[in-house]
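Pasting structure_8.txt here (compact mmCIF, C-alpha atoms):
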# COMPACT_ATOMS: atom_id res chain seq x y z
CA MET S 20 -8.84 -2.75 -9.06
CA THR S 21 -10.02 -6.12 -10.32
CA ARG S 22 -13.68 -6.27 -11.25
CA THR S 23 -15.94 -9.22 -10.45
CA GLU S 24 -16.03 -11.77 -13.25
CA TYR S 25 -19.84 -12.05 -13.11
CA PRO S 26 -21.16 -8.64 -11.94
CA TRP S 27 -24.66 -9.49 -13.16
CA LEU S 28 -24.92 -12.02 -10.30
CA LEU S 29 -24.37 -9.25 -7.73
CA PRO S 30 -26.89 -6.71 -6.47
CA SER S 31 -26.55 -3.34 -8.17
CA ALA S 32 -25.43 -1.81 -4.85
CA MET S 33 -22.28 -3.96 -4.93
CA ALA S 34 -21.67 -4.48 -8.63
CA ASP S 35 -19.30 -1.50 -8.81
CA PRO S 36 -16.16 -2.30 -6.74
CA HIS S 37 -15.15 1.38 -6.75
CA ASP S 38 -18.40 2.63 -5.16
CA PRO S 39 -20.37 0.02 -3.21
CA GLU S 40 -23.68 1.46 -2.05
CA LEU S 41 -23.71 0.59 1.65
CA PRO S 42 -23.86 3.96 3.43
CA ALA S 43 -23.10 4.10 7.12
CA ASP S 44 -25.14 7.33 7.47
CA PRO S 45 -28.38 8.57 5.96
CA PRO S 46 -28.01 9.62 2.32
CA PRO S 47 -27.26 13.31 1.73
CA PRO S 48 -30.02 15.64 0.52
CA GLY S 49 -30.58 15.58 -3.21
CA SER S 50 -29.31 12.05 -3.58
CA GLY S 51 -32.64 10.56 -4.50
CA GLY S 52 -32.55 8.30 -1.42
CA THR S 53 -29.73 6.17 -2.84
CA GLY S 54 -26.61 7.78 -1.41
CA ARG S 55 -25.56 8.83 -4.94
CA PRO S 56 -26.07 12.03 -6.95
CA ARG S 57 -29.14 12.15 -9.10
CA GLY S 58 -28.58 10.55 -12.46
CA ALA S 59 -25.83 8.31 -11.11
CA ARG S 60 -28.06 5.66 -9.50
CA PRO S 61 -26.77 2.16 -10.31
CA ARG S 62 -28.76 0.25 -12.88
CA ARG S 63 -30.44 -3.00 -11.92
CA THR S 64 -28.46 -6.14 -12.62
CA VAL S 65 -29.95 -9.42 -13.80
CA ARG S 66 -30.04 -10.58 -10.18
CA ASP S 67 -31.98 -7.44 -9.18
CA TRP S 68 -34.61 -8.04 -11.84
CA VAL S 69 -35.04 -11.65 -10.72
CA ILE S 70 -35.34 -10.72 -7.03
CA ASP S 71 -37.70 -7.81 -7.71
CA THR S 72 -39.91 -10.04 -9.84
CA LEU S 73 -40.03 -12.75 -7.18
CA LEU S 74 -40.93 -10.22 -4.48
CA PHE S 75 -43.66 -8.79 -6.69
CA VAL S 76 -45.08 -12.27 -7.34
CA CYS S 77 -44.94 -13.22 -3.65
CA ALA S 78 -46.60 -9.97 -2.57
CA ALA S 79 -49.28 -10.44 -5.23
CA ALA S 80 -49.88 -14.03 -4.09
CA VAL S 81 -50.30 -12.91 -0.47
CA GLY S 82 -52.65 -10.15 -1.63
CA LEU S 83 -54.74 -12.58 -3.69
CA ALA S 84 -55.03 -14.91 -0.71
CA ALA S 85 -56.14 -12.03 1.51
CA ALA S 86 -58.62 -10.86 -1.15
CA GLU S 87 -60.05 -14.36 -1.47
CA ALA S 88 -60.47 -14.56 2.29
CA SER S 89 -62.32 -11.23 2.31
CA HIS S 90 -64.59 -12.39 -0.52
CA GLN S 91 -65.44 -15.64 1.30
CA MET S 92 -66.39 -13.69 4.44
CA ASN S 93 -69.08 -11.91 2.33
CA GLU S 94 -67.75 -8.47 3.14
CA ASN S 95 -68.99 -5.39 1.35
CA GLN S 96 -68.11 -5.80 -2.32
CA ALA S 97 -67.16 -2.15 -2.64
CA LEU S 98 -64.75 -2.57 0.28
CA VAL S 99 -63.34 -5.73 -1.31
CA ALA S 100 -62.79 -3.91 -4.60
CA PHE S 101 -61.15 -1.03 -2.70
CA ASP S 102 -58.82 -3.50 -0.94
CA GLN S 103 -57.88 -5.11 -4.24
CA LEU S 104 -57.09 -1.76 -5.83
CA LEU S 105 -54.89 -0.70 -2.89
CA GLY S 106 -53.19 -4.11 -2.88
CA ALA S 107 -52.45 -3.93 -6.61
CA ALA S 108 -51.07 -0.41 -6.21
CA ALA S 109 -48.93 -1.54 -3.27
CA CYS S 110 -47.49 -4.48 -5.25
CA CYS S 111 -46.70 -2.25 -8.22
CA ALA S 112 -45.04 0.25 -5.89
CA LEU S 113 -42.51 -2.43 -4.92
CA TRP S 114 -40.64 -1.67 -8.13
CA LEU S 115 -39.62 1.60 -6.45
CA ARG S 116 -38.33 -0.07 -3.30
CA ARG S 117 -34.64 0.33 -4.29
CA ARG S 118 -34.98 4.04 -5.04
CA TRP S 119 -37.20 5.16 -2.14
CA PRO S 120 -37.24 2.32 0.41
CA VAL S 121 -38.03 4.50 3.46
CA ARG S 122 -40.79 6.51 1.80
CA LEU S 123 -42.35 3.36 0.39
CA ALA S 124 -42.34 1.59 3.76
CA VAL S 125 -43.96 4.58 5.51
CA ALA S 126 -46.66 4.81 2.84
CA LEU S 127 -47.40 1.08 2.92
CA ALA S 128 -47.56 1.13 6.72
CA PHE S 129 -50.60 3.42 6.51
CA VAL S 130 -52.04 1.61 3.49
CA GLY S 131 -51.78 -1.69 5.37
CA LEU S 132 -53.99 -0.29 8.15
CA LEU S 133 -56.88 -0.07 5.69
CA SER S 134 -56.14 -2.93 3.30
CA PRO S 135 -54.97 -6.39 4.40
CA VAL S 136 -54.35 -7.16 0.72
CA ALA S 137 -51.30 -4.82 0.87
CA GLY S 138 -49.76 -6.82 3.74
CA GLY S 139 -47.36 -8.79 1.51
CA ALA S 140 -46.06 -5.63 -0.17
CA PHE S 141 -45.63 -3.99 3.25
CA VAL S 142 -43.47 -6.88 4.50
CA ALA S 143 -41.35 -6.73 1.33
CA SER S 144 -40.83 -2.98 1.82
CA LEU S 145 -39.64 -3.60 5.40
CA PHE S 146 -37.09 -6.06 4.06
CA SER S 147 -35.85 -3.46 1.57
CA VAL S 148 -35.42 -0.82 4.27
CA ALA S 149 -33.40 -3.20 6.44
CA VAL S 150 -31.14 -4.07 3.49
CA HIS S 151 -30.51 -0.59 2.10
CA ARG S 152 -30.50 1.67 5.16
CA PRO S 153 -28.47 1.85 8.38
CA PHE S 154 -29.82 0.98 11.81
CA ARG S 155 -31.37 4.29 12.84
CA PRO S 156 -33.96 4.61 10.05
CA VAL S 157 -34.52 0.85 10.24
CA ALA S 158 -35.36 1.13 13.94
CA LEU S 159 -37.80 4.00 13.31
CA ILE S 160 -39.54 2.16 10.46
CA GLY S 161 -39.61 -0.99 12.59
CA ALA S 162 -41.37 0.86 15.42
CA LEU S 163 -43.91 2.19 12.94
CA ALA S 164 -44.43 -1.31 11.52
CA LEU S 165 -44.99 -2.80 14.98
CA ALA S 166 -47.51 -0.10 15.77
CA SER S 167 -49.27 -0.83 12.48
CA SER S 168 -49.34 -4.54 13.36
CA LEU S 169 -51.11 -3.69 16.62
CA VAL S 170 -53.67 -1.32 15.11
CA GLN S 171 -54.53 -3.17 11.87
CA PRO S 172 -56.30 -6.14 13.56
CA LEU S 173 -58.43 -3.65 15.49
CA LEU S 174 -59.50 -1.76 12.36
CA ARG S 175 -59.92 -4.82 10.12
CA PRO S 176 -60.32 -7.88 12.38
CA ASP S 177 -60.03 -11.35 10.88
CA PRO S 178 -63.03 -13.45 11.95
CA THR S 179 -61.16 -16.70 11.20
CA SER S 180 -58.56 -15.99 13.93
CA GLY S 181 -58.55 -14.27 17.27
CA LEU S 182 -57.25 -10.78 17.92
CA LEU S 183 -54.21 -12.00 19.85
CA VAL S 184 -53.26 -14.45 17.13
CA SER S 185 -53.47 -11.73 14.47
CA ILE S 186 -51.35 -9.34 16.52
CA VAL S 187 -48.68 -11.98 17.25
CA ALA S 188 -48.59 -13.11 13.61
CA GLY S 189 -48.17 -9.51 12.45
CA ILE S 190 -45.34 -8.82 14.92
CA VAL S 191 -43.55 -12.05 13.95
CA MET S 192 -43.75 -11.21 10.24
CA VAL S 193 -42.34 -7.72 10.86
CA LEU S 194 -39.46 -9.01 12.98
CA LEU S 195 -38.62 -11.79 10.51
CA ALA S 196 -38.61 -9.45 7.51
CA MET S 197 -36.46 -6.82 9.21
CA GLY S 198 -34.13 -9.36 10.81
CA TRP S 199 -33.56 -11.09 7.47
CA GLY S 200 -32.88 -7.75 5.80
CA MET S 201 -30.39 -6.71 8.49
CA LEU S 202 -28.62 -10.05 8.11
CA VAL S 203 -28.31 -9.51 4.34
CA ARG S 204 -26.98 -6.00 4.90
CA ALA S 205 -24.44 -7.23 7.46
CA ARG S 206 -23.20 -9.84 5.01
CA ARG S 207 -22.86 -7.24 2.26
CA GLN S 208 -20.93 -4.96 4.61
CA LEU S 209 -18.59 -7.82 5.42
CA VAL S 210 -18.01 -8.46 1.71
CA VAL S 211 -17.32 -4.76 1.14
CA VAL S 212 -14.85 -4.64 4.04
CA LEU S 213 -13.05 -7.73 2.78
CA ARG S 214 -12.95 -6.30 -0.73
CA GLU S 215 -11.49 -3.03 0.54
CA ARG S 216 -8.89 -4.91 2.56
CA ALA S 217 -7.94 -6.93 -0.49
CA HIS S 218 -7.62 -3.79 -2.62
CA ARG S 219 -5.61 -2.09 0.14
CA ALA S 220 -3.35 -5.11 0.41
CA GLU S 221 -2.78 -5.04 -3.36
CA ALA S 222 -1.95 -1.34 -3.25
CA GLU S 223 0.41 -1.83 -0.31
CA ALA S 224 2.09 -4.73 -2.09
CA GLU S 225 2.62 -2.53 -5.15
CA LEU S 226 4.04 0.25 -2.97
CA ARG S 227 6.37 -2.21 -1.22
CA ALA S 228 7.53 -3.54 -4.57
CA GLU S 229 8.20 0.00 -5.84
CA GLN S 230 10.04 0.87 -2.64
CA ALA S 231 12.11 -2.31 -2.86
CA GLN S 232 13.02 -1.46 -6.45
CA ARG S 233 13.98 2.06 -5.44
CA LEU S 234 16.12 0.82 -2.56
CA ALA S 235 17.74 -1.73 -4.86
CA ARG S 236 18.56 1.01 -7.38
CA GLU S 237 20.04 3.16 -4.62
CA ALA S 238 22.09 0.25 -3.32
CA ILE S 239 23.36 -0.52 -6.83
CA ALA S 240 24.21 3.13 -7.47
CA ARG S 241 26.02 3.39 -4.12
CA GLU S 242 27.94 0.18 -4.75
CA MET S 243 28.98 1.26 -8.24
CA HIS S 244 30.11 4.63 -6.90
CA ASP S 245 32.13 3.03 -4.12
CA VAL S 246 33.73 0.47 -6.41
CA LEU S 247 34.47 2.67 -9.41
CA ALA S 248 35.22 6.07 -7.87
CA HIS S 249 38.48 4.86 -6.38
CA ARG S 250 39.70 3.38 -9.68
CA LEU S 251 38.56 6.27 -11.84
CA THR S 252 40.20 8.80 -9.55
CA LEU S 253 43.53 7.04 -10.06
CA LEU S 254 42.97 7.27 -13.80
CA SER S 255 42.14 10.97 -13.59
CA VAL S 256 45.09 11.89 -11.35
CA HIS S 257 47.73 10.07 -13.39
CA ALA S 258 46.28 11.11 -16.72
CA GLY S 259 46.39 14.69 -15.48
CA ALA S 260 50.02 14.26 -14.42
CA LEU S 261 50.93 13.02 -17.88
CA GLU S 262 49.07 15.92 -19.46
CA PHE S 263 50.75 18.64 -17.42
CA ARG S 264 54.21 17.04 -17.39
CA PRO S 265 54.95 15.97 -20.93
CA ASP S 266 58.69 16.28 -20.22
CA ALA S 267 58.63 13.79 -17.32
CA PRO S 268 61.31 11.07 -17.29
CA PRO S 269 60.42 7.99 -19.32
CA ALA S 270 60.44 5.82 -16.19
CA GLU S 271 57.88 8.03 -14.48
CA VAL S 272 55.74 8.15 -17.61
CA ALA S 273 55.88 4.36 -17.87
CA ARG S 274 54.98 4.00 -14.20
CA ALA S 275 51.97 6.35 -14.54
CA ALA S 276 50.86 4.56 -17.69
CA GLY S 277 51.08 1.24 -15.86
CA VAL S 278 48.93 2.58 -13.02
CA ILE S 279 46.40 3.87 -15.55
CA ARG S 280 46.31 0.55 -17.32
CA ASP S 281 45.96 -1.47 -14.08
CA SER S 282 43.29 0.87 -12.70
CA ALA S 283 41.29 0.71 -15.92
CA HIS S 284 41.55 -3.07 -15.97
CA GLU S 285 40.45 -3.38 -12.33
CA ALA S 286 37.60 -0.90 -12.89
CA LEU S 287 36.35 -3.00 -15.79
CA GLN S 288 36.60 -6.15 -13.68
CA ASP S 289 34.63 -4.57 -10.86
CA LEU S 290 32.02 -3.30 -13.29
CA ARG S 291 31.67 -6.76 -14.87
CA GLN S 292 31.18 -8.31 -11.45
CA ILE S 293 28.45 -5.82 -10.53
CA ILE S 294 26.67 -6.24 -13.86
CA GLY S 295 26.99 -10.00 -13.44
CA VAL S 296 25.21 -9.78 -10.12
CA LEU S 297 22.43 -7.74 -11.70
CA ARG S 298 21.98 -10.27 -14.48
CA THR S 299 21.94 -13.26 -12.11
CA PRO S 300 20.01 -12.16 -9.02
CA GLY S 301 19.51 -15.73 -7.89
CA GLU S 302 23.17 -16.35 -7.24
CA GLY S 303 24.60 -16.25 -3.76
CA GLU S 304 26.04 -13.27 -1.97
CA GLY S 305 29.52 -14.70 -2.43
CA ASP S 306 29.43 -13.99 -6.18
CA ARG S 307 29.39 -10.28 -5.48
CA PRO S 308 32.66 -8.40 -4.80
CA GLN S 309 32.58 -8.00 -1.04
CA PRO S 310 35.66 -6.38 0.51
CA THR S 311 36.22 -6.81 4.23
CA LEU S 312 38.47 -5.35 6.89
CA ALA S 313 41.05 -8.00 6.04
CA THR S 314 41.45 -6.47 2.57
CA LEU S 315 42.15 -2.99 3.96
CA ASP S 316 45.92 -3.64 3.70
CA ALA S 317 45.56 -4.31 -0.03
CA LEU S 318 43.67 -1.03 -0.47
CA VAL S 319 46.40 0.93 1.31
CA GLU S 320 49.11 -0.83 -0.69
CA GLU S 321 47.30 -0.02 -3.92
CA SER S 322 47.15 3.66 -2.92
CA ARG S 323 50.86 3.64 -2.13
CA GLU S 324 51.64 2.15 -5.52
CA ALA S 325 49.66 5.02 -7.06
CA GLY S 326 52.05 7.49 -5.42
CA MET S 327 50.20 8.34 -2.21
CA SER S 328 51.83 8.46 1.20
CA VAL S 329 49.55 6.43 3.47
CA VAL S 330 50.12 5.36 7.08
CA LEU S 331 47.91 2.49 8.29
CA ASP S 332 47.36 2.04 12.01
CA ASN S 333 45.17 -1.04 12.40
CA ARG S 334 44.85 -1.98 16.07
CA ILE S 335 42.36 -4.79 15.57
CA PRO S 336 44.44 -7.96 16.02
CA GLU S 337 42.17 -10.24 13.99
CA PRO S 338 40.50 -8.31 11.15
CA ALA S 339 38.83 -11.49 9.89
CA ALA S 340 36.85 -11.70 13.16
CA VAL S 341 35.04 -8.45 12.42
CA PRO S 342 31.51 -9.07 11.06
CA ALA S 343 31.45 -8.97 7.28
CA ALA S 344 28.95 -6.10 7.07
CA ILE S 345 30.95 -3.93 9.48
CA GLY S 346 34.25 -4.75 7.77
CA ARG S 347 32.78 -3.93 4.38
CA THR S 348 31.53 -0.55 5.64
CA VAL S 349 34.95 0.25 7.16
CA TYR S 350 36.60 -0.63 3.85
CA ARG S 351 34.23 1.63 1.87
CA ILE S 352 34.76 4.53 4.27
CA ALA S 353 38.53 4.22 4.01
CA GLN S 354 38.33 3.84 0.23
CA GLU S 355 36.21 6.97 -0.23
CA ALA S 356 38.37 8.97 2.19
CA LEU S 357 41.56 7.97 0.36
CA THR S 358 39.91 8.89 -2.94
CA ASN S 359 38.97 12.33 -1.62
CA ALA S 360 42.47 12.88 -0.20
CA ARG S 361 44.01 11.95 -3.54
CA LYS S 362 41.74 14.44 -5.35
CA HIS S 363 41.88 17.37 -2.95
CA ALA S 364 45.19 16.99 -1.12
CA PRO S 365 47.69 15.40 -3.54
CA GLY S 366 51.09 14.79 -2.01
CA ALA S 367 49.85 15.02 1.61
CA GLU S 368 50.42 12.13 3.97
CA VAL S 369 47.19 10.33 4.83
CA THR S 370 46.67 8.47 8.09
CA VAL S 371 44.19 5.60 8.37
CA ALA S 372 43.50 4.47 11.94
CA VAL S 373 41.23 1.56 12.86
CA ARG S 374 40.57 0.39 16.42
CA GLY S 375 37.89 -1.26 18.50
CA GLY S 376 36.62 -4.62 19.63
CA PRO S 377 33.51 -6.65 20.43
CA GLY S 378 31.13 -4.61 22.57
CA ASP S 379 33.03 -1.34 21.96
CA GLY S 380 32.41 -1.06 18.25
CA VAL S 381 34.82 -0.22 15.46
CA THR S 382 36.20 3.28 14.94
CA VAL S 383 37.82 4.26 11.66
CA GLU S 384 39.48 7.62 11.21
CA VAL S 385 41.10 8.95 8.05
CA GLY S 386 42.85 12.32 8.14
CA ASN S 387 45.24 14.37 6.07
CA PRO S 388 47.03 17.73 6.53
CA PRO S 389 46.31 20.67 4.20
CA PRO S 390 47.41 20.16 0.60
CA VAL S 391 50.79 21.36 -0.60
CA GLY S 392 50.03 24.03 -3.20
CA GLU S 393 46.82 24.35 -5.15
CA PRO S 394 45.19 20.97 -5.97
CA GLY S 395 44.30 20.29 -9.58
CA GLU S 396 40.77 20.24 -10.85
CA VAL S 397 39.45 16.70 -10.60
CA PRO S 398 35.84 15.94 -11.61
CA GLY S 399 33.57 14.43 -9.00
CA SER S 400 29.96 14.30 -7.92
CA GLY S 401 30.48 15.43 -4.34
CA GLN S 402 28.07 12.75 -3.12
CA GLY S 403 30.61 10.33 -1.69
CA LEU S 404 30.54 11.63 1.89
CA ILE S 405 26.74 11.73 1.82
CA GLY S 406 26.70 8.09 0.80
CA LEU S 407 29.18 7.22 3.55
CA THR S 408 26.99 8.91 6.13
CA GLU S 409 24.01 6.88 4.92
CA ARG S 410 26.06 3.69 5.07
CA ALA S 411 27.16 4.35 8.63
CA THR S 412 23.62 5.23 9.72
CA LEU S 413 22.15 2.11 8.15
CA ALA S 414 24.78 0.04 9.96
CA GLY S 415 23.67 1.57 13.27
CA GLY S 416 26.64 3.90 13.65
CA ALA S 417 27.53 7.49 12.89
CA LEU S 418 29.97 9.39 10.68
CA ARG S 419 31.37 12.90 10.99
CA HIS S 420 33.64 14.76 8.62
CA GLY S 421 35.04 18.22 8.27
CA ARG S 422 38.12 20.39 8.21
CA THR S 423 40.57 20.47 11.07
CA GLY S 424 42.04 23.55 12.69
CA ASP S 425 45.20 23.49 10.55
CA GLY S 426 43.26 23.29 7.27
CA GLY S 427 43.37 19.52 6.90
CA PHE S 428 40.43 17.18 6.61
CA ARG S 429 39.25 14.31 8.79
CA VAL S 430 36.63 11.60 8.43
CA ARG S 431 35.68 9.72 11.59
CA ALA S 432 33.10 6.93 11.86
CA TRP S 433 31.93 4.61 14.58
CA LEU S 434 30.17 1.33 13.85
CA PRO S 435 28.64 -1.09 16.39
CA TRP S 436 30.24 -4.48 16.99
CA ALA S 437 28.16 -6.72 19.22
CA ALA S 438 29.98 -8.71 21.86
What is this file in structure tokens?
Amino acid sequence: MTRTEYPWLLPSAMADPHDPELPADPPPPGSGGTGRPRGARPRRTVRDWVIDTLLFVCAAAVGLAAAEASHQMNENQALVAFDQLLGAAACCALWLRRRWPVRLAVALAFVGLLSPVAGGAFVASLFSVAVHRPFRPVALIGALALASSLVQPLLRPDPTSGLLVSIVAGIVMVLLAMGWGMLVRARRQLVVVLRERAHRAEAEAELRAEQAQRLAREAIAREMHDVLAHRLTLLSVHAGALEFRPDAPPAEVARAAGVIRDSAHEALQDLRQIIGVLRTPGEGEGDRPQPTLATLDALVEESREAGMSVVLDNRIPEPAAVPAAIGRTVYRIAQEALTNARKHAPGAEVTVAVRGGPGDGVTVEVGNPPPVGEPGEVPGSGQGLIGLTERATLAGGALRHGRTGDGGFRVRAWLPWAA
């Protein structure tokens, strides 16, 4: 998380962005009244020292004014000295207002009943309670402060003003101090909420970026598998034929070598195109090799040239009218199914059937009978059909595959085609 550039200008309760001290409930036992474990209380910032000093000076000024008024009224000098001592102690106690705001306010409420000189410190303590504690303790301390404001003029009346004026002035000072403190606390809570939202938004943005990268890697891996598996399977099959039939006729050897050469060349071309897309992500979608349903004939013809027996039954009159995304998915399904048939059922006749229309969707079905003899060992990852299922699901369709009753294999997929 990003720290504030000038933390010394913030109150200590908010200087740490990882642990702002604005509890919604009373602090737990043993926390020292701060909501934190003992020994972990935040240290005062420069702003805290300035504010604490100003409050101390203001409380002392109010106390001096009250002491001067008592002296001018020729009250008992011992009582005046007692008031001054209590007032000085109350002002010094303000330095503890951040650590024990509730205890300090309760103590000063009773001290203020006996000593008007402590009135300024009592008001400052009420402000601290409203800032650092939630509503429930603030309401209780406020009730105690209002009661003290009603009783204090009765115990120590001010001869310069009437009883009603003293009571009203005391109530107004209590309400102003606590209202101001609650306003400060509400503003701090708003800042904390906004800070948490900003941090949460940053974390979510990082997660979205990581997820986008992961999805991009998966898409690249799937595309490379779909593009290269078909070519590399041709290489493997024909290289295996040359290995196990060294006495084959020269024409057949030349034909297999030509297929190997063409497949290797096309695989390199496809790989260059994919790598080119990765290196230039700003280029348009058209730069990327994007087969469609219209290129399905070329795929079947390529398989036939490689020695496969393939029957294509395409009942869609205008393949170019099929949406590009759907046509590309149909092409990849047929390509993977032909690759699997070439690996696991060499020599078997493969049937590719495509039908459908707008509103009905597109159905592609690729099937082959059981292989003739034992198929050769051809390396493969076994993840092609899983990838096809994911492709069909992402396109809004479904794919099923499995063996038929006679031992063959069939892949059937349906993809939506909006009207």
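The nearest approach to S:Glu384 among the residues S:Lys362, S:Arg429, S:Arg63, S:Arg347, with all atoms listed in the file taken into account, belongs to S:Arg429.
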If we count all atoms listed in the file and set the cut-off at 12 Å, which residues sit around S:Ala344, ignoring sequence neighbours fewer than 2 positions away in its own chain? Please answer as a ChimeraX atom specification. /S:304,309-312,339-342,346-351,381,410-411,413-415,434-436
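Checking S:Ala124, S:Leu290, S:Ala188, S:Val330 one by one against S:Glu242, counting all atoms listed in the file, you find the shortest gap at S:Leu290.
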S:Cys110: which residues within 7 Å, counting all atoms listed in the file, same-chain residues fewer than 5 positions away excluded, as a list in words? Phe75, Ala78, Ala79 and Ala140 of chain S
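Taking atom CA of S:Gly277 and atom CA of S:Ala313 as the two end points, the separation is 25.8 Å.
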Computed interatomic separation between atom CA of S:Val278 and atom CA of S:Leu261 (Å): 11.7 Å
Return the single residue from S:Leu318, S:Leu407, S:Val125, S:Leu357 that is closest to S:His244, with distances computed using all atoms listed in the file. S:Leu407
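Between atom CA of S:Ala276 and atom CA of S:Asn359 the separation is 21.4 Å.
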S:Ala364 surroundings by only C-alpha atoms, 7 Å radius, close-in-sequence under 3 positions cut, as a PyMOL selection string: chain S and resi 360-361+367+389-390+394
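Of the residues listed (S:Ala270, S:Val121, S:Leu315, S:Arg241), S:Val121 shows the shortest atom-to-atom separation from S:Val157; distances use all atoms listed in the file.
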